[in-house]
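Asks: Have a look at this one.
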Amino acid sequence: MAKEKKGRVKGALTEKDLGRLKESLLREKQRVLRQGNFTREVMDTPTTTGDLSSHRTHIADQGTENFQREFASQLRSIEARSLREIDEALNRMDQGRYGICEKCGKPIPLARLEVVPYARFCMKCAQQRNTGE
Ligand SMILES: [Zn+2]
């Protein structure tokens, strides 16, 4: 009981850490979902091309619209990926595999998880992946 404070395994996450990280994952998920609503609005706005009420639409407006739609569709794929990463992180948490590098099996430092709560790799492995291994 008395030794509980410092008695944690090096690199292992405490219940408290996990709780906090889970919260930030859920917050991040909410944020992505809210942003998704905005993106969907842009995507679902019908194009004015061919619309009878679009007499006043200038070519410049259409360009802006195309750009917005393209931007929105890029955002959507980023959102979809983020959501998947977040959900997978939450799954790993449930299964007790959270915070372990998927490549080398070492614990991912808490400092990294606090920045990227859905990180699947430790810093070293993530860097190796980015440089094409
Ligand atoms: Zn690793």
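Ligands are numbered from 1 in the order shown, chains are lettered A, B, ... in the order of the structure tokens, and residues start at 1 in each chain.
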Output the neighbourhood of ligand 1 as a compact mmCIF listing (two decimals) with C-alpha atoms, in the first residue's frame, that is, all protein and nucleic acid residues with some atom at most 8 Å from the ligand, counting only C-alpha atoms and all ligand atoms.
Replies:
```txt
# COMPACT_ATOMS: atom_id res chain seq x y z
CA ILE A 100 2.73 -0.99 -26.70
CA CYS A 101 4.63 -0.43 -29.92
CA GLU A 102 3.18 -2.71 -32.61
CA LYS A 103 6.54 -3.11 -34.21
CA CYS A 104 9.11 -3.62 -31.48
CA GLY A 105 6.74 -4.47 -28.62
CA LYS A 106 8.24 -1.90 -26.29
CA PRO A 107 6.12 0.50 -24.26
CA ILE A 108 5.40 3.80 -26.01
CA PHE A 121 4.42 2.85 -32.67
CA CYS A 122 7.16 4.20 -30.47
CA MET A 123 9.01 7.25 -31.75
CA LYS A 124 11.85 5.21 -33.19
CA CYS A 125 9.65 2.83 -35.15
CA ALA A 126 7.41 5.66 -36.34
```
Asks: Could you check the closest approach to A:Val32 for each of A:Leu113, A:Ile78, A:Phe67, A:Gln62 and tell me which residue wins, using only C-alpha atoms?
Replies: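 So, comparing all the options, the nearest one is A:Ile78.
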Asks: Tell me which protein, DNA and RNA residues are within 12 Å of A:Ser77, counting only C-alpha atoms, leaving out same-chain ones fewer than 5 positions away, and put them as a short mmCIF file (atom, residue, chain, number, x, y, z; two decimals) with N, CA and C atoms, in the first residue's frame.
Replies:
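Once written, result.cif looks like this:
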```cif
data_model
loop_
_atom_site.label_atom_id
_atom_site.label_comp_id
_atom_site.auth_asym_id
_atom_site.auth_seq_id
_atom_site.Cartn_x
_atom_site.Cartn_y
_atom_site.Cartn_z
N VAL A 32 -13.30 15.36 -34.24
CA VAL A 32 -13.27 14.91 -35.63
C VAL A 32 -14.70 14.77 -36.15
N GLY A 36 -16.46 16.68 -39.07
CA GLY A 36 -17.06 15.89 -40.13
C GLY A 36 -18.41 16.44 -40.54
N THR A 39 -17.80 19.29 -42.80
CA THR A 39 -17.31 18.85 -44.10
C THR A 39 -18.45 18.28 -44.93
N ARG A 40 -19.33 17.53 -44.28
CA ARG A 40 -20.45 16.93 -45.00
C ARG A 40 -21.37 18.00 -45.56
N GLU A 70 -13.12 19.88 -53.20
CA GLU A 70 -11.91 19.07 -53.24
C GLU A 70 -11.25 19.06 -51.87
N PHE A 71 -11.20 20.24 -51.28
CA PHE A 71 -10.63 20.38 -49.95
C PHE A 71 -11.42 19.53 -48.96
N ALA A 72 -12.73 19.60 -49.06
CA ALA A 72 -13.59 18.85 -48.15
C ALA A 72 -13.38 17.35 -48.33
N SER A 82 -8.41 9.28 -39.13
CA SER A 82 -8.28 9.62 -37.72
C SER A 82 -9.26 8.83 -36.88
N LEU A 83 -10.50 8.75 -37.35
CA LEU A 83 -11.52 8.03 -36.58
C LEU A 83 -11.14 6.57 -36.42
N ARG A 84 -10.60 5.98 -37.49
CA ARG A 84 -10.19 4.59 -37.43
C ARG A 84 -9.07 4.42 -36.41
#
```
Asks: Find the spatial neighbours of A:Glu28, counting only C-alpha atoms, within a cut-off of 10 Å - ignore same-chain residues fewer than 5 positions away - and output them as a ChimeraX atom specification.
Replies: /A:22-23,33-34,82-83,86,117-118
Asks: If you measure from atom CA of A:Leu26 to atom CA of A:Thr45, what distance in Å do you get, rounded to one decimal?
Replies: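 Rounded to one decimal, the two atoms are 28.9 Å apart.
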